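Data block for coords34.cif (mmCIF, C-alpha atoms and all ligand atoms):
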data_model
#
loop_
_atom_site.label_atom_id
_atom_site.label_comp_id
_atom_site.auth_asym_id
_atom_site.auth_seq_id
_atom_site.Cartn_x
_atom_site.Cartn_y
_atom_site.Cartn_z
CA MET A 1 121.08 87.39 217.96
CA ASP A 2 119.91 89.00 221.22
CA THR A 3 116.57 90.80 221.19
CA PRO A 4 117.21 94.50 220.55
CA VAL A 5 116.88 96.80 223.58
CA ASN A 6 113.92 99.13 223.14
CA LEU A 7 115.36 102.53 224.05
CA LEU A 8 111.85 103.95 224.43
CA HIS A 9 111.71 101.91 227.64
CA LEU A 10 114.62 103.72 229.31
CA ASP A 11 114.59 106.98 231.27
CA ARG A 12 117.71 109.16 231.38
CA GLN A 13 119.34 107.09 234.14
CA GLY A 14 118.54 103.88 232.31
CA LEU A 15 119.96 105.23 229.05
CA GLN A 16 123.14 106.39 230.79
CA ALA A 17 123.63 102.92 232.21
CA TYR A 18 122.92 101.44 228.79
CA PHE A 19 125.53 103.60 227.05
CA GLU A 20 128.10 102.93 229.74
CA GLY A 21 127.37 99.24 229.31
CA ILE A 22 128.26 99.42 225.59
CA GLY A 23 131.42 101.43 226.27
CA GLU A 24 130.01 104.85 225.37
CA LYS A 25 130.03 108.15 227.25
CA PRO A 26 126.92 108.76 229.40
CA PHE A 27 126.15 112.09 227.66
CA ARG A 28 124.93 110.05 224.71
CA ALA A 29 121.84 109.46 226.85
CA THR A 30 120.69 113.08 226.61
CA GLN A 31 121.36 113.20 222.87
CA VAL A 32 119.34 110.08 222.26
CA LEU A 33 116.56 111.22 224.62
CA GLN A 34 116.22 114.38 222.55
CA TRP A 35 116.08 112.48 219.27
CA ILE A 36 113.49 110.06 220.50
CA HIS A 37 111.22 112.25 222.61
CA GLN A 38 111.65 115.77 221.24
CA HIS A 39 112.03 114.95 217.57
CA GLY A 40 110.06 111.70 217.47
CA VAL A 41 112.87 109.95 215.58
CA THR A 42 112.94 106.15 215.60
CA ASP A 43 115.63 105.57 212.96
CA PHE A 44 119.17 105.71 214.36
CA ALA A 45 120.50 106.70 210.91
CA GLU A 46 118.82 110.11 211.39
CA MET A 47 120.55 110.80 214.73
CA SER A 48 123.14 113.02 213.08
CA ASN A 49 125.13 114.09 216.14
CA LEU A 50 126.08 110.48 216.92
CA SER A 51 129.15 109.01 215.26
CA LYS A 52 128.60 106.69 212.31
CA VAL A 53 130.07 103.83 214.31
CA LEU A 54 127.68 104.40 217.19
CA ARG A 55 124.69 104.70 214.86
CA GLN A 56 125.60 101.35 213.37
CA LYS A 57 126.09 99.81 216.81
CA LEU A 58 122.63 101.01 217.85
CA GLN A 59 121.10 99.71 214.66
CA ASP A 60 122.54 96.29 215.44
CA THR A 61 121.59 96.10 219.11
CA ALA A 62 118.73 98.51 219.89
CA CYS A 63 115.42 99.81 218.58
CA VAL A 64 112.83 102.51 219.25
CA THR A 65 109.53 100.68 218.96
CA PRO A 66 106.26 102.15 220.20
CA PRO A 67 103.22 99.92 220.76
CA LYS A 68 101.10 99.25 217.68
CA VAL A 69 97.94 101.34 217.26
CA LEU A 70 94.99 98.98 216.83
CA LEU A 71 92.41 101.74 216.62
CA GLN A 72 92.22 105.54 216.84
CA GLN A 73 88.79 107.11 217.22
CA THR A 74 88.04 110.82 217.30
CA SER A 75 84.93 112.22 218.93
CA VAL A 76 82.84 115.07 217.55
CA ASP A 77 84.22 117.19 220.42
CA GLY A 78 87.83 116.54 219.33
CA THR A 79 88.61 113.97 222.03
CA SER A 80 90.69 111.08 220.67
CA LYS A 81 90.95 107.57 222.00
CA TRP A 82 93.56 105.00 221.02
CA LEU A 83 93.64 101.27 221.53
CA LEU A 84 97.25 100.11 221.76
CA GLN A 85 98.51 96.59 221.36
CA LEU A 86 100.95 95.18 223.90
CA ASP A 87 102.18 91.61 224.28
CA SER A 88 100.15 88.42 223.79
CA GLY A 89 96.75 89.88 223.11
CA ASN A 90 96.82 92.53 225.84
CA SER A 91 95.83 96.03 224.91
CA ILE A 92 95.33 99.34 226.71
CA GLU A 93 93.57 102.61 225.97
CA MET A 94 94.63 106.23 226.23
CA VAL A 95 92.68 109.43 225.61
CA TYR A 96 93.55 112.95 224.39
CA ILE A 97 91.31 115.78 225.56
CA PRO A 98 91.75 119.16 223.82
CA GLU A 99 90.63 122.29 225.66
CA ASP A 100 90.99 125.98 224.85
CA ASP A 101 94.13 126.48 226.92
CA ARG A 102 95.64 122.99 227.02
CA GLY A 103 95.88 119.51 225.56
CA THR A 104 95.64 116.73 228.13
CA LEU A 105 96.67 113.11 227.66
CA CYS A 106 95.12 110.52 229.96
CA VAL A 107 97.49 107.54 230.15
CA SER A 108 97.17 103.99 231.47
CA SER A 109 99.53 102.50 234.03
CA GLN A 110 98.43 98.84 234.12
CA VAL A 111 96.77 96.25 231.91
CA GLY A 112 93.41 96.15 233.67
CA CYS A 113 93.17 96.95 237.36
CA ALA A 114 92.98 94.89 240.54
CA ILE A 115 91.34 97.48 242.79
CA ASP A 116 87.86 96.42 241.69
CA CYS A 117 85.87 99.62 242.19
CA SER A 118 82.24 98.68 241.67
CA PHE A 119 81.45 101.56 239.29
CA CYS A 120 84.45 101.27 236.92
CA ALA A 121 84.60 99.51 233.53
CA THR A 122 88.31 98.76 233.84
CA ALA A 123 87.61 96.74 237.00
CA GLN A 124 85.38 94.39 235.02
CA GLN A 125 88.36 93.47 232.87
CA GLY A 126 90.33 92.03 235.76
CA PHE A 127 94.07 92.57 236.04
CA ASN A 128 96.98 91.20 234.03
CA ARG A 129 100.17 93.14 234.72
CA ASN A 130 101.94 96.42 235.41
CA LEU A 131 103.02 98.46 232.42
CA LEU A 132 106.75 98.99 231.98
CA ALA A 133 107.97 102.58 232.35
CA GLY A 134 108.56 102.68 228.60
CA GLU A 135 105.05 101.47 227.85
CA ILE A 136 103.72 104.41 229.86
CA VAL A 137 106.06 106.95 228.23
CA ALA A 138 105.37 105.42 224.82
CA GLN A 139 101.75 106.54 225.15
CA LEU A 140 102.91 110.16 225.43
CA TRP A 141 105.45 109.66 222.62
CA LEU A 142 102.83 108.23 220.30
CA ALA A 143 100.12 110.77 221.05
CA GLU A 144 102.44 113.81 220.98
CA HIS A 145 104.08 112.98 217.66
CA THR A 146 100.92 111.72 215.96
CA LEU A 147 98.82 114.73 216.98
CA TYR A 148 101.58 117.23 216.25
CA LYS A 149 101.89 115.88 212.71
CA GLN A 150 98.11 116.22 212.37
CA GLY A 151 98.48 119.94 213.15
CA ILE A 152 96.97 119.74 216.64
CA ARG A 153 98.42 122.07 219.29
CA ALA A 154 97.89 122.44 223.03
CA GLY A 155 95.98 125.72 223.37
CA ASP A 156 98.10 128.46 221.84
CA ASN A 157 101.38 126.60 222.34
CA PRO A 158 102.98 126.35 218.89
CA ASP A 159 105.50 123.73 219.99
CA ARG A 160 103.47 120.83 221.27
CA ALA A 161 100.19 118.98 221.15
CA ILE A 162 100.22 117.82 224.75
CA SER A 163 100.73 120.21 227.64
CA ASN A 164 99.33 118.11 230.50
CA VAL A 165 99.35 114.45 231.47
CA VAL A 166 96.94 112.76 233.85
CA MET A 167 97.65 109.28 235.17
CA MET A 168 93.95 108.52 235.06
CA GLY A 169 93.61 105.81 232.47
CA MET A 170 93.46 102.08 233.13
CA GLY A 171 95.09 100.86 236.32
CA GLU A 172 96.13 102.03 239.76
CA PRO A 173 99.37 103.98 239.25
CA LEU A 174 100.60 103.75 242.84
CA VAL A 175 100.55 99.95 242.72
CA ASN A 176 103.00 100.20 239.79
CA PHE A 177 105.11 102.70 241.71
CA ASN A 178 108.64 102.42 240.31
CA ASN A 179 107.63 102.26 236.67
CA VAL A 180 105.17 105.12 237.05
CA VAL A 181 107.78 107.31 238.76
CA SER A 182 110.37 106.50 236.11
CA SER A 183 107.89 107.38 233.36
CA MET A 184 106.98 110.67 235.03
CA ARG A 185 110.69 111.52 235.31
CA THR A 186 110.99 111.18 231.55
CA MET A 187 107.89 113.34 231.10
CA MET A 188 109.56 116.01 233.26
CA ASP A 189 113.07 115.61 231.83
CA ASP A 190 114.22 118.76 230.00
CA PHE A 191 115.81 116.58 227.34
CA ALA A 192 112.50 114.78 226.76
CA TYR A 193 109.13 116.52 227.32
CA GLY A 194 110.15 119.04 230.01
CA LEU A 195 106.72 119.08 231.64
CA SER A 196 106.57 120.84 235.00
CA TRP A 197 105.23 118.79 237.94
CA ARG A 198 102.26 121.14 237.92
CA ARG A 199 101.23 119.71 234.56
CA ILE A 200 101.23 116.09 235.69
CA THR A 201 98.45 114.71 237.87
CA LEU A 202 98.48 111.26 239.39
CA SER A 203 95.12 109.88 240.46
CA THR A 204 94.93 107.14 243.07
CA SER A 205 92.22 105.08 244.70
CA GLY A 206 94.16 105.61 247.95
CA ILE A 207 97.25 103.42 248.33
CA VAL A 208 98.22 105.18 251.56
CA PRO A 209 101.87 104.12 252.07
CA ALA A 210 102.73 104.96 248.47
CA ILE A 211 101.42 108.53 248.83
CA ALA A 212 104.29 109.45 251.18
CA ARG A 213 106.80 107.76 248.87
CA LEU A 214 105.45 109.77 245.96
CA LYS A 215 106.06 112.98 247.89
CA GLU A 216 109.68 111.94 248.49
CA GLN A 217 110.42 110.75 245.00
CA CYS A 218 108.27 112.59 242.49
CA PRO A 219 105.82 115.10 243.99
CA VAL A 220 103.40 115.77 241.14
CA ASN A 221 99.79 116.91 241.59
CA LEU A 222 97.77 114.43 243.58
CA ALA A 223 94.18 113.47 242.83
CA VAL A 224 92.36 111.05 245.10
CA SER A 225 89.32 109.03 244.12
CA LEU A 226 87.19 109.62 247.19
CA HIS A 227 83.64 108.89 245.98
CA ALA A 228 82.16 108.53 249.47
CA PRO A 229 82.21 110.56 252.68
CA ASN A 230 82.20 107.62 255.13
CA ASP A 231 83.93 104.26 255.43
CA GLU A 232 80.78 102.19 255.26
CA LEU A 233 79.86 103.49 251.82
CA ARG A 234 83.41 103.78 250.55
CA ASP A 235 84.04 100.12 251.43
CA THR A 236 81.38 99.19 248.89
CA LEU A 237 82.52 101.56 246.11
CA VAL A 238 86.31 101.56 246.46
CA PRO A 239 87.07 98.32 248.30
CA ILE A 240 90.74 99.20 248.94
CA ASN A 241 89.16 101.39 251.66
CA LYS A 242 88.92 98.30 253.85
CA LYS A 243 92.69 98.19 253.89
CA TYR A 244 93.33 101.96 253.94
CA PRO A 245 90.31 103.65 255.54
CA LEU A 246 89.37 107.30 255.16
CA ALA A 247 91.09 108.61 258.29
CA ASP A 248 94.45 107.21 257.11
CA LEU A 249 93.88 108.35 253.55
CA LEU A 250 93.02 111.92 254.53
CA ALA A 251 96.01 112.09 256.89
CA ALA A 252 98.24 110.99 253.99
CA CYS A 253 96.71 113.73 251.80
CA ARG A 254 97.35 116.34 254.47
CA ASP A 255 100.99 115.26 254.73
CA TYR A 256 101.35 115.25 250.95
CA ILE A 257 100.68 118.93 250.55
CA GLU A 258 102.28 120.10 253.77
CA GLY A 259 105.03 122.56 252.92
CA LYS A 260 103.88 122.84 249.29
CA ASN A 261 102.85 126.39 248.71
CA ARG A 262 99.52 127.17 247.06
CA CYS A 263 98.89 123.52 246.45
CA LYS A 264 95.68 121.54 246.83
CA VAL A 265 94.73 117.90 246.66
CA THR A 266 92.04 117.20 244.08
CA PHE A 267 89.32 114.88 245.35
CA GLU A 268 87.37 113.07 242.67
CA TYR A 269 83.80 112.17 243.48
CA VAL A 270 81.76 110.15 241.00
CA MET A 271 78.08 111.12 241.18
CA ILE A 272 75.97 107.95 241.27
CA LYS A 273 72.21 108.24 241.49
CA ASP A 274 70.78 107.43 244.93
CA ILE A 275 74.08 105.95 246.09
CA ASN A 276 76.38 108.80 247.14
CA ASP A 277 74.67 111.96 245.89
CA SER A 278 72.37 113.17 248.68
CA PRO A 279 72.69 116.51 250.50
CA GLN A 280 73.61 114.55 253.65
CA HIS A 281 76.54 113.01 251.77
CA ALA A 282 77.62 116.48 250.67
CA ARG A 283 77.51 117.81 254.25
CA GLN A 284 79.45 114.81 255.52
CA LEU A 285 82.03 115.43 252.82
CA VAL A 286 82.44 119.04 253.94
CA ARG A 287 83.06 117.82 257.49
CA ILE A 288 85.72 115.24 256.65
CA LEU A 289 87.61 117.61 254.34
CA GLN A 290 87.82 120.39 256.88
CA GLY A 291 91.35 121.73 257.19
CA ILE A 292 92.64 120.07 254.02
CA PRO A 293 93.49 122.41 251.11
CA ALA A 294 91.20 120.71 248.62
CA LYS A 295 89.58 121.00 245.21
CA LEU A 296 86.52 118.89 244.49
CA ASN A 297 85.95 117.34 241.10
CA LEU A 298 82.45 115.95 240.67
CA ILE A 299 82.35 113.35 237.88
CA PRO A 300 78.88 112.44 236.63
CA PHE A 301 78.86 108.62 236.54
CA ASN A 302 79.62 107.28 233.05
CA PRO A 303 77.64 104.14 232.32
CA PHE A 304 79.10 101.04 230.63
CA PRO A 305 77.63 97.63 229.73
CA ASN A 306 76.42 95.45 232.64
CA THR A 307 76.35 98.14 235.30
CA ASP A 308 73.34 98.72 237.55
CA TYR A 309 74.46 102.20 238.52
CA GLN A 310 72.98 105.34 236.99
CA ARG A 311 74.21 108.88 236.64
CA SER A 312 72.91 111.38 239.22
CA THR A 313 70.41 113.88 237.87
CA PRO A 314 71.73 117.33 236.91
CA GLU A 315 69.63 118.76 239.76
CA ALA A 316 71.20 116.42 242.33
CA ILE A 317 74.68 117.29 241.07
CA GLU A 318 73.90 121.01 241.20
CA GLN A 319 72.53 120.76 244.74
CA PHE A 320 75.53 118.71 245.86
CA ARG A 321 77.91 121.21 244.30
CA ASN A 322 76.16 124.17 245.93
CA ILE A 323 76.52 122.67 249.39
CA LEU A 324 80.25 122.20 248.83
CA MET A 325 80.73 125.65 247.29
CA ASN A 326 78.78 127.35 250.07
CA SER A 327 81.11 125.79 252.60
CA GLY A 328 84.08 127.31 250.75
CA LEU A 329 85.23 124.19 248.87
CA MET A 330 86.33 124.90 245.33
CA THR A 331 84.17 122.51 243.30
CA VAL A 332 83.91 121.81 239.59
CA THR A 333 81.69 119.37 237.77
CA ARG A 334 83.78 117.56 235.21
CA LYS A 335 82.48 117.88 231.69
CA THR A 336 81.93 114.53 230.07
CA ARG A 337 84.02 114.37 226.93
CA GLY A 338 84.17 111.85 224.13
CA ASP A 339 80.75 110.39 224.97
CA ASP A 340 80.27 109.09 221.43
CA ILE A 341 83.49 107.03 221.56
CA ASP A 342 83.24 105.78 225.18
CA ALA A 343 86.31 107.77 226.13
CA ALA A 344 85.10 109.15 229.45
CA CYS A 345 86.39 108.44 232.96
CA GLY A 346 85.98 104.84 233.97
CA GLN A 347 85.13 103.63 230.47
CA LEU A 348 88.58 102.57 229.33
CA ALA A 349 88.68 98.88 228.71
CA GLY A 350 91.23 97.44 226.28
CA GLN A 351 91.79 93.68 226.31
CA VAL A 352 93.11 91.90 229.35
CA GLN A 353 94.41 88.37 228.81
CA ASP A 354 95.00 85.87 231.61
CA ARG A 355 93.14 87.99 234.07
CA ARG A 356 94.13 87.58 237.65
CA LYS A 357 91.72 88.92 240.16
CA PRO A 358 93.16 88.86 243.65
CA ARG A 359 90.46 88.01 246.15
CA GLN A 360 92.02 90.00 248.95
CA PHE A 361 93.95 93.20 248.84
CA LYS A 362 96.79 91.79 250.83
CA ASN A 363 97.61 89.87 247.66
CA ILE A 364 98.03 92.92 245.45
CA PRO A 365 101.75 93.13 244.81
CA ILE A 366 102.69 96.75 245.40
CA GLN A 367 106.06 97.48 243.85
CA GLN A 368 108.61 98.16 246.56
CA GLU A 369 111.85 100.06 246.36
CA PRO A 370 114.75 97.65 246.97
CA LEU A 371 115.99 98.09 250.56
CA GLU A 372 119.35 99.81 250.67
N1 LIG B 1 93.01 103.99 239.69
C1 LIG B 1 93.14 105.42 239.72
C2 LIG B 1 93.15 105.96 238.34
C3 LIG B 1 91.80 105.91 237.64
S1 LIG B 1 91.42 107.53 237.33
C4 LIG B 1 92.06 106.01 240.60
O1 LIG B 1 91.24 105.24 241.09
O2 LIG B 1 92.10 107.20 240.88
C5 LIG B 1 89.87 107.59 236.73
C6 LIG B 1 88.88 108.33 237.59
O3 LIG B 1 87.59 108.02 237.04
C7 LIG B 1 88.87 107.85 239.03
O4 LIG B 1 88.49 108.89 239.91
C8 LIG B 1 87.77 106.82 238.96
O5 LIG B 1 87.26 106.52 240.23
C9 LIG B 1 86.78 107.48 238.06
N2 LIG B 1 85.81 106.56 237.47
C10 LIG B 1 85.92 105.21 237.35
N3 LIG B 1 84.82 104.71 236.77
C11 LIG B 1 84.01 105.74 236.51
C12 LIG B 1 82.73 105.86 235.88
N4 LIG B 1 82.11 104.80 235.41
N5 LIG B 1 82.19 107.09 235.78
C13 LIG B 1 82.86 108.18 236.22
N6 LIG B 1 84.06 108.13 236.81
C14 LIG B 1 84.64 106.93 236.96
#
Take the structure in the file and give it back as structure tokens.
Amino acid sequence: MDTPVNLLHLDRQGLQAYFEGIGEKPFRATQVLQWIHQHGVTDFAEMSNLSKVLRQKLQDTACVTPPKVLLQQTSVDGTSKWLLQLDSGNSIEMVYIPEDDRGTLCVSSQVGCAIDCSFCATAQQGFNRNLLAGEIVAQLWLAEHTLYKQGIRAGDNPDRAISNVVMMGMGEPLVNFNNVVSSMRTMMDDFAYGLSWRRITLSTSGIVPAIARLKEQCPVNLAVSLHAPNDELRDTLVPINKKYPLADLLAACRDYIEGKNRCKVTFEYVMIKDINDSPQHARQLVRILQGIPAKLNLIPFNPFPNTDYQRSTPEAIEQFRNILMNSGLMTVTRKTRGDDIDAACGQLAGQVQDRRKPRQFKNIPIQQEPLE
């Protein structure tokens, strides 16, 4: 017998094609999307608005199978982290962060990461593969339905546990472009999670050509991992900068928000002691961001085993922030959440089998749209 098709892996377009392929009407796609994503149903027998014959056909040829949870840890501050099993020993992590007015899920887009930022735990794992669209959506499916059943709600929203998604887990989402876009379409689909683009944030290390494609195909909020105000320093922290230097990256950011009303690019800046946290760095940052509608997110460095870096002192962070604020840049210092379960930015690890670490960035396969 053929392996069953996992319907969790298909967005609306994919489901329509699937139903057409088995001789069914395409509107079945929206019915099944609702069952799977809105009601969390995995058993076709419960999908009561499908005919008995179709339910049986699905039972014989398809499945709705989320990844297996290897571990769920909950922090004293309510943050939850999951370790999810994928194929052949690979696993990924995702994190849920509750706040007063929202519930945010931080999802992974790749097994490991090939960008190799010197201050990031995921980088130490090496890279294995891109996640499928369904493996990205399955993280939201699993977290939403598990948390909802546990009575957790996003702020005062009675209907859901997760109100916001950030593509800020393991991996570089813009290298896995097509699958990430397909997964975000399901997150935004009214028959699935119905999240507005304002509630989805994609964070990138700066894959410049893909930023313009994102604007064309799925313009969600953009966050950029800047971490340094000049090329010399950024080359050492975020080595993809050698391929896409700051001037090109900032031009791409400007273009991204052009024509988008009241919209800003978020720039993430990890605060590493004596590396990028001096007042001179702050002033240089102000200069290079001039004219770009920007929000600054300072992230105190989160340590992990075998790193030589240290977190900036609270005084250095405060001074840095004041320089940015005084120049009119909206700046927040990100609170570190889930410290006791290693759930903070840059600490997600999972297990990466058969790691492949490209030596040069020209070898990183960036998913391309087929030429039409
Ligand atoms: N690859 C994407 C998605 C990762 S998002 C990107 O680079 O943007 C996670 C954010 O946490 C990024 O801004 C990343 O640079 C930052 N980060 C990585 N390691 C960190 C660490 N050890 N401490 C604090 N922030 C870190």
Using all atoms listed in the file for the distances, tell me which of A:Ala282, A:Ala62, A:Ile22, A:Val175 is nearest to Ala114 (chain A).
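Selected residue with least distance to Ala114 (chain A): A:Val175.
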Ligand LIG 1 (chain B) neighbours within 6 Å using all atoms listed in the file, as a PyMOL selection string:
chain A and resi 119-120+168-169+171-172+203-205+224-225+268+270+299-303+345-347
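Separating CA of Ile211 (chain A) from CA of Ser109 (chain A) is a distance of 16.1 Å.
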Nearest to Gln72 (chain A) by atom-to-atom distance, counting all atoms listed in the file, from A:Thr146, A:Lys243, A:Leu140, A:Val32
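Under the stated criterion, the closest residue is A:Thr146.
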Enter the distance from CA of Thr79 (chain A) to CA of Glu93 (chain A), in Å, rounded to one decimal.
13.0 Å
List as a ChimeraX atom specification the protein and nucleic acid residues near Gly126 (chain A), meaning an atom at most 12 Å away when only C-alpha atoms are counted, but skip any in the same chain fewer than 4 places from it.
/A:90,110-117,120-122,170-171,349-359
Between CA of Asn6 (chain A) and CA of Val64 (chain A), what distance in Å does the model show, to one decimal?
5.3 Å
Neighbours of point (119.3, 112.1, 223.0) within 10 Å, using all atoms listed in the file, written as a VMD selection string:
chain A and resid 12 15 27 to 39 47 49 to 50 191 to 192
Please supply region 172-193 of chain A, rebuilt with N, CA and C atoms, as a PDB file, in the coordinates of the input.
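Below you can see selection.pdb, which holds the result:
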ATOM      1  N   GLU A 172      95.873 101.261 238.550  1.00  0.00           N
ATOM      2  CA  GLU A 172      96.130 102.030 239.760  1.00  0.00           C
ATOM      3  C   GLU A 172      97.619 102.380 239.758  1.00  0.00           C
ATOM      4  N   PRO A 173      97.955 103.647 239.453  1.00  0.00           N
ATOM      5  CA  PRO A 173      99.370 103.980 239.250  1.00  0.00           C
ATOM      6  C   PRO A 173     100.253 103.730 240.478  1.00  0.00           C
ATOM      7  N   LEU A 174      99.723 103.905 241.669  1.00  0.00           N
ATOM      8  CA  LEU A 174     100.600 103.750 242.840  1.00  0.00           C
ATOM      9  C   LEU A 174     100.900 102.295 243.175  1.00  0.00           C
ATOM     10  N   VAL A 175     100.196 101.365 242.554  1.00  0.00           N
ATOM     11  CA  VAL A 175     100.550  99.950 242.720  1.00  0.00           C
ATOM     12  C   VAL A 175     101.736  99.622 241.813  1.00  0.00           C
ATOM     13  N   ASN A 176     101.879 100.370 240.735  1.00  0.00           N
ATOM     14  CA  ASN A 176     103.000 100.200 239.790  1.00  0.00           C
ATOM     15  C   ASN A 176     104.002 101.323 240.016  1.00  0.00           C
ATOM     16  N   PHE A 177     104.424 101.483 241.269  1.00  0.00           N
ATOM     17  CA  PHE A 177     105.110 102.700 241.710  1.00  0.00           C
ATOM     18  C   PHE A 177     106.387 103.022 240.925  1.00  0.00           C
ATOM     19  N   ASN A 178     107.326 102.084 240.906  1.00  0.00           N
ATOM     20  CA  ASN A 178     108.640 102.420 240.310  1.00  0.00           C
ATOM     21  C   ASN A 178     108.537 102.766 238.834  1.00  0.00           C
ATOM     22  N   ASN A 179     107.746 102.001 238.112  1.00  0.00           N
ATOM     23  CA  ASN A 179     107.630 102.260 236.670  1.00  0.00           C
ATOM     24  C   ASN A 179     106.904 103.573 236.407  1.00  0.00           C
ATOM     25  N   VAL A 180     105.913 103.875 237.227  1.00  0.00           N
ATOM     26  CA  VAL A 180     105.170 105.120 237.050  1.00  0.00           C
ATOM     27  C   VAL A 180     106.084 106.315 237.354  1.00  0.00           C
ATOM     28  N   VAL A 181     106.864 106.210 238.425  1.00  0.00           N
ATOM     29  CA  VAL A 181     107.780 107.310 238.760  1.00  0.00           C
ATOM     30  C   VAL A 181     108.820 107.486 237.658  1.00  0.00           C
ATOM     31  N   SER A 182     109.378 106.389 237.175  1.00  0.00           N
ATOM     32  CA  SER A 182     110.370 106.500 236.110  1.00  0.00           C
ATOM     33  C   SER A 182     109.756 107.154 234.869  1.00  0.00           C
ATOM     34  N   SER A 183     108.510 106.786 234.547  1.00  0.00           N
ATOM     35  CA  SER A 183     107.890 107.380 233.360  1.00  0.00           C
ATOM     36  C   SER A 183     107.628 108.868 233.572  1.00  0.00           C
ATOM     37  N   MET A 184     107.239 109.244 234.792  1.00  0.00           N
ATOM     38  CA  MET A 184     106.980 110.670 235.030  1.00  0.00           C
ATOM     39  C   MET A 184     108.278 111.465 234.999  1.00  0.00           C
ATOM     40  N   ARG A 185     109.391 110.819 235.401  1.00  0.00           N
ATOM     41  CA  ARG A 185     110.690 111.520 235.310  1.00  0.00           C
ATOM     42  C   ARG A 185     111.030 111.828 233.862  1.00  0.00           C
ATOM     43  N   THR A 186     110.733 110.901 232.970  1.00  0.00           N
ATOM     44  CA  THR A 186     110.990 111.180 231.550  1.00  0.00           C
ATOM     45  C   THR A 186     110.067 112.295 231.062  1.00  0.00           C
ATOM     46  N   MET A 187     108.808 112.268 231.516  1.00  0.00           N
ATOM     47  CA  MET A 187     107.890 113.340 231.100  1.00  0.00           C
ATOM     48  C   MET A 187     108.405 114.709 231.546  1.00  0.00           C
ATOM     49  N   MET A 188     109.087 114.732 232.719  1.00  0.00           N
ATOM     50  CA  MET A 188     109.560 116.010 233.260  1.00  0.00           C
ATOM     51  C   MET A 188     110.973 116.362 232.799  1.00  0.00           C
ATOM     52  N   ASP A 189     111.671 115.406 232.214  1.00  0.00           N
ATOM     53  CA  ASP A 189     113.070 115.610 231.830  1.00  0.00           C
ATOM     54  C   ASP A 189     113.166 116.690 230.741  1.00  0.00           C
ATOM     55  N   ASP A 190     114.065 117.666 230.981  1.00  0.00           N
ATOM     56  CA  ASP A 190     114.220 118.760 230.000  1.00  0.00           C
ATOM     57  C   ASP A 190     114.697 118.257 228.644  1.00  0.00           C
ATOM     58  N   PHE A 191     115.356 117.108 228.628  1.00  0.00           N
ATOM     59  CA  PHE A 191     115.810 116.580 227.340  1.00  0.00           C
ATOM     60  C   PHE A 191     114.743 115.708 226.675  1.00  0.00           C
ATOM     61  N   ALA A 192     113.596 115.557 227.368  1.00  0.00           N
ATOM     62  CA  ALA A 192     112.500 114.780 226.760  1.00  0.00           C
ATOM     63  C   ALA A 192     111.303 115.727 226.593  1.00  0.00           C
ATOM     64  N   TYR A 193     110.342 115.694 227.505  1.00  0.00           N
ATOM     65  CA  TYR A 193     109.130 116.520 227.320  1.00  0.00           C
ATOM     66  C   TYR A 193     109.150 117.798 228.154  1.00  0.00           C
TER      67      TYR A 193
END
